[in-house]
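Coordinates from final_17.txt are shown below (compact mmCIF, N, CA and C atoms).
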```txt
# COMPACT_ATOMS: atom_id res chain seq x y z
N MET A 1 140.43 81.50 143.03
CA MET A 1 139.77 80.23 142.97
C MET A 1 140.40 79.28 143.98
N THR A 2 139.57 78.62 144.77
CA THR A 2 140.05 77.71 145.79
C THR A 2 139.60 76.28 145.48
N PHE A 3 140.48 75.38 145.82
CA PHE A 3 140.17 73.96 145.64
C PHE A 3 140.11 73.31 147.01
N TYR A 4 139.08 72.56 147.20
CA TYR A 4 138.93 71.85 148.47
C TYR A 4 139.31 70.38 148.26
N SER A 5 140.07 69.90 149.16
CA SER A 5 140.50 68.50 149.08
C SER A 5 139.45 67.62 149.75
N ASP A 6 139.25 66.45 149.20
CA ASP A 6 138.30 65.50 149.79
C ASP A 6 138.88 64.87 151.06
N THR A 7 140.17 64.79 151.14
CA THR A 7 140.79 64.18 152.31
C THR A 7 141.44 65.26 153.15
N GLN A 8 141.37 65.07 154.43
CA GLN A 8 142.01 65.99 155.34
C GLN A 8 143.06 65.24 156.13
N THR A 9 144.09 65.90 156.49
CA THR A 9 145.10 65.27 157.32
C THR A 9 144.57 65.20 158.75
N PRO A 10 144.78 64.08 159.42
CA PRO A 10 144.24 63.96 160.78
C PRO A 10 144.98 64.88 161.74
N SER A 11 144.28 65.33 162.71
CA SER A 11 144.89 66.20 163.71
C SER A 11 145.77 65.37 164.64
N HIS A 12 146.53 66.07 165.44
CA HIS A 12 147.40 65.40 166.41
C HIS A 12 146.58 64.57 167.39
N PHE A 13 145.47 65.12 167.84
CA PHE A 13 144.60 64.42 168.78
C PHE A 13 144.03 63.14 168.16
N ALA A 14 143.62 63.22 166.90
CA ALA A 14 143.05 62.05 166.22
C ALA A 14 144.11 60.95 166.06
N ARG A 15 145.34 61.34 165.74
CA ARG A 15 146.42 60.35 165.63
C ARG A 15 146.71 59.71 166.98
N MET A 16 146.68 60.50 168.04
CA MET A 16 146.94 59.97 169.38
C MET A 16 145.83 58.99 169.79
N VAL A 17 144.59 59.34 169.54
CA VAL A 17 143.47 58.45 169.87
C VAL A 17 143.57 57.16 169.07
N ASN A 18 143.91 57.28 167.80
CA ASN A 18 144.06 56.09 166.94
C ASN A 18 145.19 55.20 167.45
N SER A 19 146.29 55.79 167.86
CA SER A 19 147.42 55.00 168.35
C SER A 19 147.09 54.32 169.68
N VAL A 20 146.42 55.02 170.59
CA VAL A 20 146.03 54.42 171.86
C VAL A 20 145.02 53.30 171.63
N ALA A 21 144.09 53.50 170.73
CA ALA A 21 143.11 52.46 170.42
C ALA A 21 143.79 51.23 169.83
N GLY A 22 144.83 51.43 169.03
CA GLY A 22 145.57 50.30 168.47
C GLY A 22 146.29 49.51 169.54
N VAL A 23 146.90 50.20 170.49
CA VAL A 23 147.61 49.52 171.58
C VAL A 23 146.62 48.75 172.46
N VAL A 24 145.49 49.38 172.77
CA VAL A 24 144.47 48.71 173.59
C VAL A 24 143.95 47.47 172.87
N ALA A 25 143.69 47.59 171.57
CA ALA A 25 143.20 46.44 170.80
C ALA A 25 144.22 45.31 170.78
N LEU A 26 145.50 45.66 170.63
CA LEU A 26 146.55 44.65 170.62
C LEU A 26 146.64 43.94 171.97
N ARG A 27 146.62 44.68 173.06
CA ARG A 27 146.69 44.07 174.40
C ARG A 27 145.47 43.21 174.68
N LEU A 28 144.32 43.65 174.23
CA LEU A 28 143.10 42.87 174.42
C LEU A 28 143.18 41.55 173.64
N ARG A 29 143.69 41.62 172.44
CA ARG A 29 143.86 40.41 171.63
C ARG A 29 144.84 39.45 172.30
N GLN A 30 145.95 39.98 172.85
CA GLN A 30 146.92 39.15 173.54
C GLN A 30 146.31 38.51 174.79
N PHE A 31 145.51 39.27 175.53
CA PHE A 31 144.86 38.74 176.72
C PHE A 31 143.90 37.61 176.36
N VAL A 32 143.13 37.79 175.31
CA VAL A 32 142.19 36.74 174.87
C VAL A 32 142.97 35.49 174.47
N GLN A 33 144.10 35.65 173.81
CA GLN A 33 144.92 34.51 173.40
C GLN A 33 145.48 33.78 174.62
N VAL A 34 145.91 34.52 175.63
CA VAL A 34 146.44 33.90 176.86
C VAL A 34 145.34 33.10 177.56
N VAL A 35 144.14 33.67 177.64
CA VAL A 35 143.03 32.96 178.29
C VAL A 35 142.71 31.69 177.51
N LYS A 36 142.70 31.77 176.18
CA LYS A 36 142.42 30.58 175.36
C LYS A 36 143.50 29.52 175.55
N SER A 37 144.75 29.94 175.60
CA SER A 37 145.85 28.98 175.80
C SER A 37 145.76 28.32 177.16
N ARG A 38 145.40 29.08 178.18
CA ARG A 38 145.24 28.50 179.52
C ARG A 38 144.09 27.50 179.54
N GLN A 39 143.02 27.79 178.82
CA GLN A 39 141.90 26.85 178.75
C GLN A 39 142.33 25.57 178.03
N ASP A 40 143.12 25.71 176.97
CA ASP A 40 143.63 24.53 176.26
C ASP A 40 144.52 23.69 177.16
N ALA A 41 145.37 24.34 177.97
CA ALA A 41 146.22 23.60 178.89
C ALA A 41 145.39 22.90 179.96
N ALA A 42 144.29 23.52 180.38
CA ALA A 42 143.41 22.88 181.37
C ALA A 42 142.74 21.64 180.77
N VAL A 43 142.39 21.71 179.50
CA VAL A 43 141.81 20.53 178.83
C VAL A 43 142.85 19.42 178.77
N LEU A 44 144.10 19.77 178.44
CA LEU A 44 145.17 18.76 178.40
C LEU A 44 145.40 18.15 179.78
N ALA A 45 145.25 18.92 180.83
CA ALA A 45 145.43 18.41 182.19
C ALA A 45 144.37 17.37 182.53
N SER A 46 143.24 17.43 181.86
CA SER A 46 142.18 16.45 182.14
C SER A 46 142.40 15.13 181.39
N PHE A 47 143.34 15.09 180.43
CA PHE A 47 143.63 13.86 179.69
C PHE A 47 144.33 12.86 180.60
N ASP A 48 144.17 11.57 180.31
CA ASP A 48 144.92 10.57 181.06
C ASP A 48 146.32 10.43 180.44
N ASP A 49 147.19 9.67 181.12
CA ASP A 49 148.59 9.57 180.69
C ASP A 49 148.73 8.97 179.29
N ARG A 50 147.88 8.01 178.96
CA ARG A 50 147.95 7.39 177.63
C ARG A 50 147.63 8.41 176.54
N MET A 51 146.63 9.21 176.76
CA MET A 51 146.26 10.23 175.77
C MET A 51 147.36 11.27 175.62
N LEU A 52 147.97 11.66 176.73
CA LEU A 52 149.08 12.62 176.66
C LEU A 52 150.27 12.01 175.92
N ALA A 53 150.54 10.73 176.16
CA ALA A 53 151.65 10.07 175.48
C ALA A 53 151.41 10.00 173.97
N ASP A 54 150.15 9.87 173.58
CA ASP A 54 149.82 9.83 172.15
C ASP A 54 150.20 11.12 171.44
N ILE A 55 150.16 12.22 172.13
CA ILE A 55 150.53 13.50 171.51
C ILE A 55 151.94 13.93 171.91
N GLY A 56 152.68 13.04 172.57
CA GLY A 56 154.08 13.30 172.88
C GLY A 56 154.32 14.12 174.13
N LEU A 57 153.38 14.08 175.08
CA LEU A 57 153.53 14.85 176.31
C LEU A 57 153.43 13.95 177.53
N THR A 58 153.86 14.45 178.65
CA THR A 58 153.71 13.76 179.92
C THR A 58 152.92 14.67 180.86
N ARG A 59 152.48 14.12 181.96
CA ARG A 59 151.75 14.91 182.94
C ARG A 59 152.67 16.01 183.50
N GLY A 60 153.94 15.71 183.64
CA GLY A 60 154.90 16.72 184.11
C GLY A 60 155.03 17.90 183.15
N ASP A 61 154.96 17.61 181.85
CA ASP A 61 155.01 18.69 180.86
C ASP A 61 153.82 19.64 181.04
N VAL A 62 152.64 19.07 181.23
CA VAL A 62 151.44 19.90 181.41
C VAL A 62 151.55 20.69 182.71
N ARG A 63 152.05 20.05 183.76
CA ARG A 63 152.22 20.73 185.04
C ARG A 63 153.22 21.88 184.91
N ASP A 64 154.32 21.65 184.19
CA ASP A 64 155.31 22.71 183.98
C ASP A 64 154.72 23.87 183.18
N ALA A 65 153.92 23.55 182.18
CA ALA A 65 153.34 24.59 181.34
C ALA A 65 152.35 25.44 182.12
N VAL A 66 151.54 24.80 182.95
CA VAL A 66 150.54 25.54 183.72
C VAL A 66 151.21 26.38 184.80
N SER A 67 152.37 25.96 185.28
CA SER A 67 153.05 26.71 186.33
C SER A 67 153.88 27.87 185.79
N GLU A 68 153.90 28.04 184.47
CA GLU A 68 154.58 29.20 183.88
C GLU A 68 153.89 30.49 184.35
N PRO A 69 154.58 31.61 184.33
CA PRO A 69 153.93 32.87 184.69
C PRO A 69 152.71 33.14 183.80
N VAL A 70 151.80 33.93 184.31
CA VAL A 70 150.52 34.16 183.63
C VAL A 70 150.71 34.79 182.26
N TRP A 71 151.70 35.62 182.09
CA TRP A 71 151.87 36.33 180.83
C TRP A 71 152.54 35.47 179.76
N ARG A 72 153.01 34.27 180.10
CA ARG A 72 153.62 33.38 179.09
C ARG A 72 152.59 32.40 178.56
N ASP A 73 152.78 32.03 177.33
CA ASP A 73 151.87 31.10 176.67
C ASP A 73 152.26 29.67 177.04
N PRO A 74 151.40 28.92 177.75
CA PRO A 74 151.77 27.56 178.14
C PRO A 74 151.85 26.61 176.95
N THR A 75 151.13 26.90 175.89
CA THR A 75 151.16 25.99 174.74
C THR A 75 152.50 26.04 174.02
N ALA A 76 153.25 27.13 174.15
CA ALA A 76 154.57 27.19 173.52
C ALA A 76 155.51 26.17 174.15
N LEU A 77 155.47 26.05 175.47
CA LEU A 77 156.30 25.06 176.16
C LEU A 77 155.88 23.64 175.78
N LEU A 78 154.58 23.40 175.73
CA LEU A 78 154.09 22.06 175.38
C LEU A 78 154.48 21.70 173.95
N THR A 79 154.41 22.65 173.06
CA THR A 79 154.78 22.40 171.67
C THR A 79 156.27 22.05 171.56
N SER A 80 157.10 22.79 172.28
CA SER A 80 158.54 22.53 172.19
C SER A 80 158.90 21.17 172.80
N ARG A 81 158.25 20.79 173.91
CA ARG A 81 158.53 19.48 174.52
C ARG A 81 158.10 18.34 173.59
N ALA A 82 156.93 18.46 172.98
CA ALA A 82 156.47 17.41 172.06
C ALA A 82 157.40 17.33 170.85
N HIS A 83 157.87 18.47 170.38
CA HIS A 83 158.79 18.50 169.23
C HIS A 83 160.13 17.84 169.59
N GLU A 84 160.65 18.11 170.79
CA GLU A 84 161.90 17.48 171.22
C GLU A 84 161.77 15.96 171.26
N ARG A 85 160.66 15.48 171.80
CA ARG A 85 160.46 14.03 171.88
C ARG A 85 160.33 13.41 170.50
N ARG A 86 159.65 14.11 169.59
CA ARG A 86 159.49 13.60 168.23
C ARG A 86 160.84 13.49 167.54
N ILE A 87 161.69 14.47 167.72
CA ILE A 87 163.03 14.44 167.12
C ILE A 87 163.85 13.31 167.72
N ASN A 88 163.78 13.13 169.03
CA ASN A 88 164.54 12.05 169.67
C ASN A 88 164.06 10.68 169.23
N ARG A 89 162.75 10.51 169.02
CA ARG A 89 162.25 9.23 168.51
C ARG A 89 162.75 8.97 167.11
N ARG A 90 162.78 9.99 166.28
CA ARG A 90 163.29 9.82 164.91
C ARG A 90 164.77 9.50 164.91
N ARG A 91 165.52 10.15 165.80
CA ARG A 91 166.96 9.86 165.89
C ARG A 91 167.19 8.42 166.33
N ALA A 92 166.38 7.96 167.29
CA ALA A 92 166.53 6.58 167.76
C ALA A 92 166.16 5.60 166.67
N ALA A 93 165.15 5.90 165.87
CA ALA A 93 164.75 5.01 164.77
C ALA A 93 165.83 4.93 163.71
N LEU A 94 166.59 5.99 163.53
CA LEU A 94 167.67 5.99 162.54
C LEU A 94 168.99 5.44 163.11
N GLY A 95 168.98 5.11 164.39
CA GLY A 95 170.19 4.59 165.02
C GLY A 95 171.12 5.68 165.50
N LEU A 96 170.67 6.90 165.54
CA LEU A 96 171.51 8.00 165.99
C LEU A 96 171.28 8.35 167.45
N GLY A 97 170.37 7.66 168.10
CA GLY A 97 169.98 8.01 169.47
C GLY A 97 171.10 7.86 170.47
N ASN A 98 171.92 6.81 170.35
CA ASN A 98 172.98 6.58 171.32
C ASN A 98 174.33 7.09 170.86
N ARG A 99 174.39 7.56 169.65
CA ARG A 99 175.66 8.03 169.12
C ARG A 99 176.02 9.37 169.75
N VAL A 100 177.27 9.49 170.15
CA VAL A 100 177.75 10.73 170.74
C VAL A 100 178.64 11.40 169.70
N PHE A 101 178.33 12.62 169.40
CA PHE A 101 179.10 13.38 168.43
C PHE A 101 180.06 14.28 169.20
N ASP A 102 181.29 13.79 169.39
CA ASP A 102 182.29 14.56 170.13
C ASP A 102 183.19 15.30 169.16
N ALA A 103 183.59 16.45 169.56
CA ALA A 103 184.59 17.20 168.80
C ALA A 103 185.96 16.64 169.16
N PRO A 104 186.90 16.70 168.25
CA PRO A 104 188.23 16.20 168.59
C PRO A 104 188.84 17.04 169.71
N SER A 105 189.58 16.36 170.57
CA SER A 105 190.18 17.02 171.72
C SER A 105 191.40 17.82 171.27
N ILE A 106 191.57 18.98 171.86
CA ILE A 106 192.77 19.76 171.56
C ILE A 106 193.89 19.43 172.53
N ALA A 107 193.56 18.73 173.62
CA ALA A 107 194.57 18.29 174.58
C ALA A 107 195.10 16.93 174.12
N PRO A 108 196.38 16.71 174.23
CA PRO A 108 196.93 15.42 173.80
C PRO A 108 196.48 14.29 174.73
N SER A 109 196.34 13.11 174.16
CA SER A 109 195.98 11.95 174.98
C SER A 109 197.20 11.55 175.82
N ALA A 110 196.97 10.62 176.73
CA ALA A 110 198.07 10.20 177.63
C ALA A 110 199.20 9.56 176.82
N ASN A 111 198.88 8.76 175.81
CA ASN A 111 199.92 8.13 174.98
C ASN A 111 200.72 9.16 174.21
N GLU A 112 200.03 10.15 173.64
CA GLU A 112 200.75 11.20 172.90
C GLU A 112 201.64 12.01 173.84
N LEU A 113 201.16 12.24 175.05
CA LEU A 113 201.92 13.01 176.02
C LEU A 113 203.19 12.26 176.43
N ARG A 114 203.06 10.95 176.68
CA ARG A 114 204.24 10.14 177.04
C ARG A 114 205.25 10.11 175.90
N ALA A 115 204.73 9.98 174.68
CA ALA A 115 205.63 9.93 173.52
C ALA A 115 206.38 11.25 173.36
N SER A 116 205.69 12.36 173.56
CA SER A 116 206.37 13.66 173.40
C SER A 116 207.37 13.90 174.54
N ILE A 117 207.04 13.43 175.72
CA ILE A 117 207.99 13.59 176.85
C ILE A 117 209.19 12.71 176.61
N GLY A 118 208.98 11.51 176.10
CA GLY A 118 210.08 10.59 175.82
C GLY A 118 211.00 11.14 174.73
N SER A 119 210.41 11.78 173.73
CA SER A 119 211.24 12.32 172.64
C SER A 119 212.04 13.52 173.11
N VAL A 120 211.49 14.29 174.05
CA VAL A 120 212.23 15.44 174.60
C VAL A 120 213.37 14.92 175.48
N ALA A 121 213.11 13.85 176.25
CA ALA A 121 214.15 13.30 177.13
C ALA A 121 215.29 12.70 176.31
N CYS A 122 214.97 12.10 175.16
CA CYS A 122 215.99 11.51 174.33
C CYS A 122 216.88 12.58 173.68
N LYS A 123 216.31 13.73 173.38
CA LYS A 123 217.06 14.79 172.74
C LYS A 123 218.02 15.46 173.72
N GLY A 124 217.64 15.50 174.97
CA GLY A 124 218.41 16.23 175.96
C GLY A 124 219.57 15.52 176.42
```

Would you write out, as structure tokens, the structure that this file holds?
Amino acid sequence: MTFYSDTQTPSHFARMVNSVAGVVALRLRQFVQVVKSRQDAAVLASFDDRMLADIGLTRGDVRDAVSEPVWRDPTALLTSRAHERRINRRRAALGLGNRVFDAPSIAPSANELRASIGSVACKG
């Protein structure tokens, strides 16, 4: 008595075709996304300076984004620039904009250096 299975394991050729089709579909999707991002950057390039400032960008930001290599997404650069400006505006509103956060120096200051040299001279 033999039992037939409803499912069959795919052949090596079928797996290879499926894998190649997946890679082609992924690359096609990435290409479509790049074209869409470039079109979005072109729309932003048509905005005037006031409109760009409203969304936290400058004309230079758009120019930098469009001059990126073709395989890079220009909207990623624009998003990061707008985010940086938003953070800096918030820091300035909180009074942290001009504050410098320095780490303590490991080198002695001039006064400490003179004091240590003086104490060594007194001991000798």

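One finds atom N of A:Val70 at 9.8 Å from atom CA of A:Arg38.
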
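Distances to A:Val62 were evaluated for A:Asn18, A:Leu28, A:Ile87, A:Ala45 using all atoms listed in the file, and the minimum falls at A:Ala45.
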
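Candidate residues A:Gly56, A:Ser67, A:Val35, A:Arg72 were compared for distance to A:Glu84, and the nearest is A:Gly56, using only C-alpha atoms.
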
Worksheet item: In chain A, what's helix (DSSP H, G or I) per DSSP? Answer as number ranges by chain?
Response: A: 12-45, 49-54, 59-66, 74-93, 110-123

Worksheet item: Quick one: distance from atom CA of A:Asn88 to atom CA of A:Val34 in Å, one decimal?
Response: 29.3 Å

Edge lengths and centre, in Å to one decimal, as lines of an AutoDock Vina configuration file: that's what I need for the box along x, y and z that holds all listed atoms of stretch 80-91 of chain A plus 8 Å on each side.
```
center_x = 161.8
center_y = 15.6
center_z = 169.7
size_x = 26.7
size_y = 30.4
size_z = 25.6
```

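With atom CA of A:Leu96 on one side and atom N of A:His83 on the other, the separation reads 17.7 Å.
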
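Distance annotation: of A:Gly118, A:Thr75, A:Ser11, A:Asn111, the residue with the minimal separation from A:Asp40 is A:Thr75; atom set is only N, CA and C atoms.
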